[in-house]
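Colleague: I am attaching a structure below and will ask some questions about it afterwards.
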Amino acid sequence: MLHVTDVRPLGGFRLWLRFSDGAEGEVDLAAELDGPVFEPLRDPAVFARVCIDPEVRTIAWPHGADFAPEFLRDLV
């Protein structure tokens with residue numbers, strides 16, 4: 001099963017990601033921040049608080065927003 005192993009914010013709404021299959025690269029999530037759970041991420045300070053949730057093993061934010069690793073891998 002695919003999961004995210006490392007994440008670094010790059011500024012704006014871009015992230016550098018590494019995946020369990022060895023792939024790595026940048027994603028720009030600016031176009032994906034629609035809907036109530038993603039609206040808070042439009043604040044760059046909130047977006048920069050990204051981390052890897054150890055339970056679901058993908059990127060997440062303290063308020064509960066996350067993205068599926070498969071979706072992110074397709075963006076890379």
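Ordering of the structure tokens sets the chain letters (A, B, ...), residue numbers begin anew at 1 in every chain, and ligands are numbered from 1 in the order given.
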Write out as an MDAnalysis selection string the set of residues from chain A that DSSP, computed on the backbone, places in strand (DSSP E).
Modeller: chainID A and resid 4:11 14:19 24:28 51:53 58:60
Colleague: Choose the residue, out of A:Arg18, A:His63, A:Arg49, A:Arg57, that has the smallest atom-to-atom separation from Val37 of chain A; count only C-alpha atoms.
Modeller: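 Looking only at the distances to Val37 of chain A, the closest residue turns out to be A:His63.
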Colleague: Could you please determine the separation between atom CA of Phe13 of chain A and atom CA of Val27 of chain A in Å, to one decimal place?
Modeller: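 Pair atom CA of Phe13 of chain A / atom CA of Val27 of chain A returns 8.3 Å.
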Colleague: For Leu2 of chain A, list every protein, DNA or RNA residue within 9 Å, evaluated using only C-alpha atoms, and leave out those in the same chain fewer than 3 positions away; present the list as a list in words.
Modeller: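 The residues that qualify are Phe19, Ser20, Asp21, Arg57, Pro69, Glu70 and Arg73 of chain A.
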Colleague: Excluding Trp16 of chain A and any residue of its chain fewer than 4 positions from it, enumerate the residues within 7 Å of it, using only C-alpha atoms, and give them as a compact mmCIF listing (two decimals) with all heavy atoms, in the first residue's frame.
Modeller:
# COMPACT_ATOMS: atom_id res chain seq x y z
N VAL A 7 7.56 14.92 3.98
CA VAL A 7 6.93 16.10 3.39
C VAL A 7 7.67 17.34 3.85
O VAL A 7 8.13 17.41 4.99
CB VAL A 7 5.43 16.21 3.77
CG1 VAL A 7 5.23 16.32 5.26
CG2 VAL A 7 4.76 17.38 3.05
N ARG A 8 7.81 18.31 2.93
CA ARG A 8 8.38 19.62 3.25
C ARG A 8 7.60 20.70 2.53
O ARG A 8 7.41 20.60 1.31
CB ARG A 8 9.84 19.70 2.81
CG ARG A 8 10.80 18.99 3.76
CD ARG A 8 12.19 19.17 3.29
NE ARG A 8 12.38 18.13 2.26
CZ ARG A 8 13.47 17.93 1.58
NH1 ARG A 8 14.51 18.70 1.74
NH2 ARG A 8 13.57 16.97 0.69
N PRO A 9 7.14 21.71 3.25
CA PRO A 9 6.49 22.84 2.56
C PRO A 9 7.53 23.64 1.78
O PRO A 9 8.65 23.83 2.24
CB PRO A 9 5.89 23.66 3.69
CG PRO A 9 6.34 23.07 4.97
CD PRO A 9 7.12 21.84 4.69
N LEU A 10 7.15 24.08 0.59
CA LEU A 10 8.06 24.82 -0.28
C LEU A 10 7.67 26.28 -0.46
O LEU A 10 8.33 27.01 -1.18
CB LEU A 10 8.12 24.15 -1.66
CG LEU A 10 8.64 22.72 -1.67
CD1 LEU A 10 8.51 22.13 -3.07
CD2 LEU A 10 10.08 22.67 -1.19
N GLY A 25 8.86 14.22 -5.36
CA GLY A 25 8.68 15.37 -6.23
C GLY A 25 7.79 16.41 -5.60
O GLY A 25 7.39 16.28 -4.44
N GLU A 26 7.49 17.43 -6.38
CA GLU A 26 6.71 18.57 -5.91
C GLU A 26 5.27 18.46 -6.38
O GLU A 26 5.00 17.97 -7.47
CB GLU A 26 7.30 19.87 -6.44
CG GLU A 26 8.65 20.19 -5.90
CD GLU A 26 9.18 21.52 -6.42
OE1 GLU A 26 8.38 22.38 -6.86
OE2 GLU A 26 10.40 21.70 -6.39
N VAL A 27 4.37 18.95 -5.53
CA VAL A 27 2.97 19.10 -5.90
C VAL A 27 2.54 20.52 -5.54
O VAL A 27 3.02 21.09 -4.57
CB VAL A 27 2.05 18.07 -5.20
CG1 VAL A 27 2.37 16.67 -5.63
CG2 VAL A 27 2.10 18.19 -3.70
Colleague: Just to confirm, what's the straight-line distance from atom CA of Phe67 of chain A to atom CA of Leu41 of chain A in Å (one decimal)?
Modeller: 12.2 Å
